[in-house]
Amino acid sequence: MSGPAALGVLEGERPVPACERAEVLVSRPLSDRYRLLRFRSPVIAERARAGQFVMLAPVTESGPVLPRPMAIYTRDAAAGVVDIVYGVVGAGTTALSAVAAGETVVVTGPLGRGFAIHDDTERVLLLGRGVGICAMTTVAQDLADTPVRVAAVLSGRHDASIIGADVLRACRADVRRVTDADGTSGVPAVRERLHRAFDVDPPQQILTSGSERLTRLAAQLAARWRATAQVSIEAHMACGLGYCHGCAAGDGDGTREAPLVCRDGPVFRLRT
Amino acid sequence: MTTRIVDAPRGREPATPSRPPADLRVELGGLALANPVMPASGCFGPELADLMPVDVLGAVVTKTVFATARPGNRTHRITEVSHGMLNSVGIPSQGAAEFRRSGLGGYAALGAPVVVSIGGLSTAEYWRVADELAGAGHAALEVNVSCPNLERGGATLDTDPRAMSEVVAGVVARSSTPVLVKLSPQLQTIGDAAKAAADAGASAVTVCNSFPGLAVNPARREPELGNGTGGVSGPAVKPLALRLVWLAAQAVDIPVVGCGGIRSAADVAEFLVAGATAVQVGTATFAQPALMARIVAELPALAARLGVDRLADLIATLTTRPKEQP
Ligand SMILES: Cc1cc2nc3c(=O)[nH]c(=O)nc-3n(C[C@H](O)[C@H](O)[C@H](O)COP(=O)(O)OP(=O)(O)OC[C@H]3O[C@@H](n4cnc5c(N)ncnc54)[C@H](O)[C@@H]3O)c2cc1C
Ligand SMILES: Cc1cc2nc3c(=O)[nH]c(=O)nc-3n(C[C@H](O)[C@H](O)[C@H](O)COP(=O)(O)O)c2cc1C
Ligand code: FES
């Protein structure tokens, strides 16, 4: 992650969140490393802007005490459902993986400030690694029926650990996969490939999530192409709303606290 | 079916025909509360008004306010631990004057009495915050004596009852509202600290703040939190806090506000029976933002189940006295 000094707070409205006991409709593996959870929430599905997140907790007496922040992977306002995708990492996500379809989760959302797409943008480049891609799929959802062209570089350890390619393609995005396994995910190789692909007709906006190295690359590419860059970052959270001050994006400047990731982010302008 | 708990039931549940609805009111050292449920400092903000009816609460409590602006601690500031959480947020603050100008109004608009939590790194700083807030319209102050005190090598005030008395007496002298003193659980004898607070003029004591703790990342050979240690809260601390409430309530005549691990109406009953007059809910709100409103709605049924017409009749009804000295 780039240092906090490089982050700028975006403007833009945040919809009023709701808190619901939502029925889980689908809970299943998506690949060897990730799982999909679909829950019913017409309110969140309708209100969520691209890049926003929810706070999610299973309803158990003995489970985790804190809810976990999860990016909204896709939302379908017509069907009233929201999908999230997560890796099973620790106690929180292990408890989530035990929730079966038909059970309920406590969900609060939509939360935070999402990605801002400028009116005059004609082309957007998404740079995502691993589960970080989940923060950006909603951008492609929003742009699917517009003239804005979306290109995406999806990075992962190996082919099966790349998620989102199908969702992005369904939104007419131009998808490139790069992996550690085939040696294509190194930053110099990705940089070279993107120069070749986009120097002639570069994107006006670069959006990134999931990797500090890709974040630095996004800043470099933005400088080269005179584009703007935005990054979605993570922080440990408790409330997700802005009152617990658990999620500062850095260590502050002596008297002033750094921006709060849940309230001022999770998407920030990357100063280039 | 999605059940919305956004619109958590307001007010009281229907009473059984044979009994009038229970009286939920409690009296907290000159402060009349509609019911005993309020949030714990740092675990609540006006943001929650989007997610629950906030005006059903007995009171609301602000995050601790310092005299001058502070950035708070390094990250990570919070993490999950066994049946609880560990936090070292470090109390970032906008400073008392700015809080009075731009922060307090958000709480005042919620429709419940406002308790402002105040802190300081020195005796003079506590007094300055009390001065800055004089006449600001809040219902009470809560003095957070668990802040590191720079005049005392960073030790918290409550490890020295005399120093704490000086702070509390000064705040009481500067304040026209009731003053609560929130004790830390680190004390050898909670009873002595509660007595010192009462003698200095406190209207009530809150028992207690979070418990000092450590979470370790063995792979990195580092503490999980940027500050090293932090405070443990949540279900793990409930029996620890209950014991301290019991001991404190034996030691003083002023009311005790119970705090630590509460997440249900049944937990509220346990604290009242142990000696608390009111309760604060902290960590549990994070996973269930509308929880406090649900607890308030369940209180009449709780009173009926326990056979009392007035919820206050539960206070300090534990039949056994502590064998330990309070
Ligand atoms: C805005 C936002 C969106 C997120 N979206 C996703 C997503 O779409 N898919 C996904 O798999 N994960 C996502 N995460 C991370 C997720 O919340 C989990 O915390 C993380 O996957 C760790 O898993 P765990 O909770 O099982 O770990 P545990 O070991 O149970 O976590 C221990 C503690 O550390 C905190 N923690 C550990 N790692 C992280 C992390 N990376 N980010 C925040 N807190 C952490 C936990 O909240 C908890 O308090 C997101 C985080 C944020 C802040
Ligand atoms: C994130 C967080 C922030 C807190 N901030 C404060 C604070 O500013 N002032 C204070 O007196 N107590 C603070 N506390 C302590 C709580 O008010 C409460 O005493 C403690 O968490 C125990 O209650 P619980 O188990 O219900 O959370 C904080 C606790 C948490 C978890
Ligand atoms: S998670 Fe509580 S302020 Fe951001």
# chains A, B, ... in the order shown; residues from 1 in each chain; ligands from 1
>>> residues_near_ligand(ligand="ligand 1", cutoff="8 Å", atoms="only C-alpha atoms and all ligand atoms", output="tab-separated table (two decimals) with N, CA, C and O atoms, in the first residue's frame")
chain	number	residue	atom	x	y	z
A	34	TYR	N	-11.38	-19.37	-2.94
A	34	TYR	CA	-12.41	-18.37	-2.62
A	34	TYR	C	-13.81	-18.97	-2.52
A	34	TYR	O	-14.08	-20.00	-3.13
A	52	GLN	N	-18.39	0.16	-3.04
A	52	GLN	CA	-18.78	0.20	-1.63
A	52	GLN	C	-18.67	-1.19	-0.99
A	52	GLN	O	-18.46	-2.19	-1.69
A	53	PHE	N	-18.83	-1.25	0.32
A	53	PHE	CA	-18.70	-2.53	1.02
A	53	PHE	C	-19.82	-2.70	2.04
A	53	PHE	O	-20.62	-1.78	2.26
A	54	VAL	N	-19.89	-3.89	2.62
A	54	VAL	CA	-20.83	-4.17	3.71
A	54	VAL	C	-20.05	-4.68	4.92
A	54	VAL	O	-18.90	-5.14	4.79
A	64	PRO	N	-17.47	-15.20	15.87
A	64	PRO	CA	-16.66	-13.98	15.99
A	64	PRO	C	-17.45	-12.84	16.61
A	64	PRO	O	-18.66	-12.76	16.46
A	66	LEU	N	-16.52	-9.48	16.16
A	66	LEU	CA	-16.55	-8.35	15.23
A	66	LEU	C	-17.10	-8.79	13.87
A	66	LEU	O	-16.80	-9.89	13.41
A	67	PRO	N	-17.88	-7.91	13.24
A	67	PRO	CA	-18.29	-8.19	11.86
A	67	PRO	C	-17.08	-7.99	10.95
A	67	PRO	O	-16.10	-7.36	11.34
A	68	ARG	N	-17.12	-8.54	9.75
A	68	ARG	CA	-16.02	-8.37	8.80
A	68	ARG	C	-16.46	-7.51	7.62
A	68	ARG	O	-17.56	-7.70	7.09
A	69	PRO	N	-15.59	-6.57	7.22
A	69	PRO	CA	-15.90	-5.80	6.01
A	69	PRO	C	-15.70	-6.67	4.77
A	69	PRO	O	-14.72	-7.42	4.69
A	70	MET	N	-16.62	-6.59	3.83
A	70	MET	CA	-16.52	-7.33	2.58
A	70	MET	C	-16.98	-6.43	1.44
A	70	MET	O	-18.06	-5.82	1.51
A	71	ALA	N	-16.17	-6.39	0.38
A	71	ALA	CA	-16.54	-5.61	-0.79
A	71	ALA	C	-17.78	-6.20	-1.43
A	71	ALA	O	-17.98	-7.42	-1.41
A	72	ILE	N	-18.61	-5.34	-2.00
A	72	ILE	CA	-19.76	-5.83	-2.77
A	72	ILE	C	-19.23	-6.26	-4.13
A	72	ILE	O	-18.73	-5.45	-4.91
A	73	TYR	N	-19.31	-7.56	-4.40
A	73	TYR	CA	-18.74	-8.15	-5.62
A	73	TYR	C	-19.66	-7.86	-6.80
A	73	TYR	O	-19.23	-7.33	-7.83
A	84	ILE	N	-20.97	-11.48	-2.33
A	84	ILE	CA	-19.61	-11.17	-1.91
A	84	ILE	C	-18.75	-12.40	-2.15
A	84	ILE	O	-19.25	-13.53	-2.17
A	85	VAL	N	-17.46	-12.19	-2.35
A	85	VAL	CA	-16.51	-13.28	-2.57
A	85	VAL	C	-15.38	-13.10	-1.57
A	85	VAL	O	-14.88	-11.98	-1.40
A	86	TYR	N	-15.01	-14.18	-0.90
A	86	TYR	CA	-13.97	-14.02	0.13
A	86	TYR	C	-13.06	-15.23	0.17
A	86	TYR	O	-13.43	-16.34	-0.21
A	87	GLY	N	-11.83	-14.99	0.63
A	87	GLY	CA	-10.90	-16.07	0.88
A	87	GLY	C	-11.04	-16.51	2.33
A	87	GLY	O	-11.23	-15.67	3.20
A	88	VAL	N	-10.97	-17.81	2.58
A	88	VAL	CA	-11.04	-18.30	3.97
A	88	VAL	C	-9.64	-18.20	4.56
A	88	VAL	O	-8.73	-18.94	4.20
A	89	VAL	N	-9.47	-17.21	5.45
A	89	VAL	CA	-8.14	-16.84	5.94
A	89	VAL	C	-8.00	-17.13	7.43
A	89	VAL	O	-7.09	-17.82	7.87
A	90	GLY	N	-8.91	-16.62	8.24
A	90	GLY	CA	-8.81	-16.74	9.70
A	90	GLY	C	-10.16	-17.10	10.29
A	90	GLY	O	-11.04	-17.64	9.62
A	91	ALA	N	-10.33	-16.76	11.57
A	91	ALA	CA	-11.54	-17.16	12.30
A	91	ALA	C	-12.80	-16.53	11.70
A	91	ALA	O	-13.84	-17.19	11.62
A	92	GLY	N	-12.70	-15.28	11.28
A	92	GLY	CA	-13.88	-14.58	10.78
A	92	GLY	C	-14.42	-15.21	9.51
A	92	GLY	O	-15.61	-15.50	9.40
A	93	THR	N	-13.53	-15.42	8.56
A	93	THR	CA	-13.98	-15.97	7.28
A	93	THR	C	-14.27	-17.46	7.40
A	93	THR	O	-15.10	-17.99	6.65
A	94	THR	N	-13.64	-18.15	8.36
A	94	THR	CA	-13.98	-19.56	8.59
A	94	THR	C	-15.42	-19.66	9.09
A	94	THR	O	-16.20	-20.51	8.63
A	95	ALA	N	-15.78	-18.77	10.03
A	95	ALA	CA	-17.16	-18.78	10.54
A	95	ALA	C	-18.15	-18.45	9.43
A	95	ALA	O	-19.23	-19.03	9.36
A	112	GLY	N	-19.21	3.32	3.04
A	112	GLY	CA	-18.00	3.92	2.49
A	112	GLY	C	-18.22	4.68	1.20
A	112	GLY	O	-19.33	4.81	0.70
A	131	VAL	N	-8.17	-11.29	-4.16
A	131	VAL	CA	-9.52	-10.96	-3.73
A	131	VAL	C	-9.78	-9.45	-3.88
A	131	VAL	O	-10.92	-9.00	-3.83
A	132	GLY	N	-8.72	-8.68	-4.09
A	132	GLY	CA	-8.87	-7.24	-4.31
A	132	GLY	C	-9.73	-6.92	-5.52
A	132	GLY	O	-10.34	-5.85	-5.59
A	133	ILE	N	-9.77	-7.84	-6.47
A	133	ILE	CA	-10.58	-7.62	-7.67
A	133	ILE	C	-12.05	-7.41	-7.31
A	133	ILE	O	-12.77	-6.69	-7.98
A	134	CYS	N	-12.47	-8.03	-6.20
A	134	CYS	CA	-13.88	-7.95	-5.78
A	134	CYS	C	-14.33	-6.52	-5.51
A	134	CYS	O	-15.53	-6.24	-5.51
A	135	ALA	N	-13.39	-5.63	-5.22
A	135	ALA	CA	-13.77	-4.25	-4.94
A	135	ALA	C	-14.10	-3.49	-6.22
A	135	ALA	O	-14.63	-2.39	-6.18
A	232	SER	N	-8.57	1.20	-3.79
A	232	SER	CA	-9.40	0.73	-2.67
A	232	SER	C	-8.49	0.02	-1.68
A	232	SER	O	-7.75	-0.89	-2.06
A	233	ILE	N	-8.50	0.46	-0.42
A	233	ILE	CA	-7.60	-0.13	0.57
A	233	ILE	C	-8.38	-0.81	1.71
A	233	ILE	O	-9.57	-0.62	1.86
A	234	GLU	N	-7.64	-1.59	2.48
A	234	GLU	CA	-8.25	-2.33	3.59
A	234	GLU	C	-7.68	-1.84	4.92
A	234	GLU	O	-6.56	-1.34	4.97
A	235	ALA	N	-8.45	-1.97	5.97
A	235	ALA	CA	-7.98	-1.69	7.34
A	235	ALA	C	-8.81	-2.53	8.28
A	235	ALA	O	-9.94	-2.89	7.96
A	236	HIS	N	-8.26	-2.85	9.43
A	236	HIS	CA	-9.05	-3.55	10.44
A	236	HIS	C	-10.19	-2.63	10.87
A	236	HIS	O	-9.97	-1.44	11.11
A	237	MET	N	-11.39	-3.19	10.96
A	237	MET	CA	-12.58	-2.37	11.26
A	237	MET	C	-13.41	-2.99	12.36
A	237	MET	O	-13.43	-4.21	12.52
A	238	ALA	N	-14.14	-2.14	13.09
A	238	ALA	CA	-15.13	-2.64	14.03
A	238	ALA	C	-16.53	-2.17	13.65
A	238	ALA	O	-17.45	-2.96	13.51
A	261	VAL	N	-10.79	4.71	6.86
A	261	VAL	CA	-11.01	3.90	5.65
A	261	VAL	C	-12.50	3.63	5.44
A	261	VAL	O	-13.00	3.66	4.33
A	262	CYS	N	-13.26	3.42	6.53
A	262	CYS	CA	-14.67	3.07	6.37
A	262	CYS	C	-15.53	4.26	5.96
A	262	CYS	O	-16.52	4.10	5.26
A	265	GLY	N	-13.00	6.39	2.91
A	265	GLY	CA	-12.67	5.44	1.85
A	265	GLY	C	-13.80	4.46	1.74
A	265	GLY	O	-14.92	4.82	2.04
A	266	PRO	N	-13.56	3.20	1.34
A	266	PRO	CA	-12.24	2.58	1.17
A	266	PRO	C	-11.51	3.01	-0.10
A	266	PRO	O	-10.36	2.71	-0.27
B	78	ILE	N	-7.28	-2.18	16.02
B	78	ILE	CA	-8.20	-3.15	16.60
B	78	ILE	C	-7.97	-4.53	16.00
B	78	ILE	O	-7.48	-4.66	14.87
B	79	THR	N	-8.28	-5.55	16.77
B	79	THR	CA	-8.28	-6.90	16.23
B	79	THR	C	-9.21	-7.76	17.08
B	79	THR	O	-9.53	-7.42	18.22
B	80	GLU	N	-9.63	-8.88	16.48
B	80	GLU	CA	-10.48	-9.82	17.23
B	80	GLU	C	-9.58	-10.68	18.12
B	80	GLU	O	-8.48	-11.06	17.71
B	81	VAL	N	-10.02	-10.99	19.34
B	81	VAL	CA	-9.33	-11.94	20.22
B	81	VAL	C	-10.37	-12.94	20.71
B	81	VAL	O	-11.55	-12.83	20.37
B	85	MET	N	-12.59	-8.42	21.68
B	85	MET	CA	-11.74	-7.66	20.78
B	85	MET	C	-10.69	-6.92	21.60
B	85	MET	O	-10.84	-6.75	22.81
>>> interface_residues(of="chain A", to="chain B", cutoff="9 Å", atoms="only C-alpha atoms", output="ChimeraX atom specification")
/A:16-23,40-42,55-58,62-68,91-92,104,106-108,235-258
>>> closest_residue(among="B:Gln280, B:Gln250, B:Asn217, B:Asn149", to="ligand 2", atoms="only C-alpha atoms and all ligand atoms")
B:Gln280
>>> select_by_dssp(residues="stretch 7-245 of chain A", states="alpha helix (DSSP H)", output="ChimeraX atom specification")
/A:42-47,91-97,137-143,165-170,187-198,212-225
>>> atom_distance(atom1="atom CA of A:Arg271", atom2="atom CA of A:Leu7")
6.0 Å
>>> residues_around(residues="B:Gly258", least_positions_apart="3", cutoff="7 Å", atoms="only C-alpha atoms", output="ChimeraX atom specification")
/B:206-208,245,271,276,278-280
>>> write_last_selection(atoms="N, CA, C and O atoms", output="mmCIF file, in the first residue's frame")
data_model
loop_
_atom_site.group_PDB
_atom_site.id
_atom_site.type_symbol
_atom_site.label_atom_id
_atom_site.label_comp_id
_atom_site.auth_asym_id
_atom_site.auth_seq_id
_atom_site.Cartn_x
_atom_site.Cartn_y
_atom_site.Cartn_z
ATOM 1 N N THR B 206 -18.758 4.409 36.827
ATOM 2 C CA THR B 206 -18.946 3.429 35.765
ATOM 3 C C THR B 206 -17.876 2.363 35.925
ATOM 4 O O THR B 206 -16.693 2.677 36.053
ATOM 5 N N VAL B 207 -18.301 1.113 35.961
ATOM 6 C CA VAL B 207 -17.385 -0.004 36.183
ATOM 7 C C VAL B 207 -17.639 -1.027 35.081
ATOM 8 O O VAL B 207 -18.689 -1.646 35.080
ATOM 9 N N CYS B 208 -16.745 -1.118 34.086
ATOM 10 C CA CYS B 208 -15.410 -0.558 34.062
ATOM 11 C C CYS B 208 -14.963 -0.352 32.613
ATOM 12 O O CYS B 208 -15.671 -0.723 31.688
ATOM 13 N N VAL B 245 -18.326 -4.836 39.451
ATOM 14 C CA VAL B 245 -19.567 -4.099 39.743
ATOM 15 C C VAL B 245 -20.081 -4.502 41.116
ATOM 16 O O VAL B 245 -20.477 -3.653 41.932
ATOM 17 N N PHE B 271 -26.246 -7.645 35.474
ATOM 18 C CA PHE B 271 -25.537 -6.483 36.016
ATOM 19 C C PHE B 271 -26.386 -5.748 37.054
ATOM 20 O O PHE B 271 -25.871 -5.296 38.081
ATOM 21 N N ALA B 276 -25.587 -2.931 39.652
ATOM 22 C CA ALA B 276 -25.585 -1.778 38.749
ATOM 23 C C ALA B 276 -26.962 -1.137 38.704
ATOM 24 O O ALA B 276 -27.979 -1.819 38.771
ATOM 25 N N ALA B 278 -27.489 1.269 36.152
ATOM 26 C CA ALA B 278 -27.649 1.401 34.698
ATOM 27 C C ALA B 278 -26.528 0.598 34.049
ATOM 28 O O ALA B 278 -25.634 0.105 34.754
ATOM 29 N N VAL B 279 -26.585 0.460 32.714
ATOM 30 C CA VAL B 279 -25.561 -0.329 32.019
ATOM 31 C C VAL B 279 -25.133 0.367 30.732
ATOM 32 O O VAL B 279 -25.870 1.173 30.166
ATOM 33 N N GLN B 280 -23.929 0.033 30.306
ATOM 34 C CA GLN B 280 -23.425 0.526 29.026
ATOM 35 C C GLN B 280 -23.090 -0.660 28.126
ATOM 36 O O GLN B 280 -22.527 -1.660 28.578
#
>>> residues_around(residues="A:Leu154", least_positions_apart="5", cutoff="6 Å", atoms="only C-alpha atoms", output="VMD selection string")
chain A and resid 128 to 129 177
>>> residues_around(residues="stretch 182-195 of chain B", least_positions_apart="3", cutoff="8 Å", atoms="only C-alpha atoms", output="list of chain:residue names")
B:Glu142, B:Val143, B:Asn144, B:Val145, B:Ser146, B:Asp158, B:Thr159, B:Pro161, B:Ala198, B:Asp199, B:Val205, B:Thr206, B:Val207, B:Cys208, B:Asn209, B:Ser210, B:Phe211, B:Pro212, B:Ala241, B:Leu244, B:Leu247, B:Ala248, B:Gln250, B:Ala251, B:Val252, B:Pro326
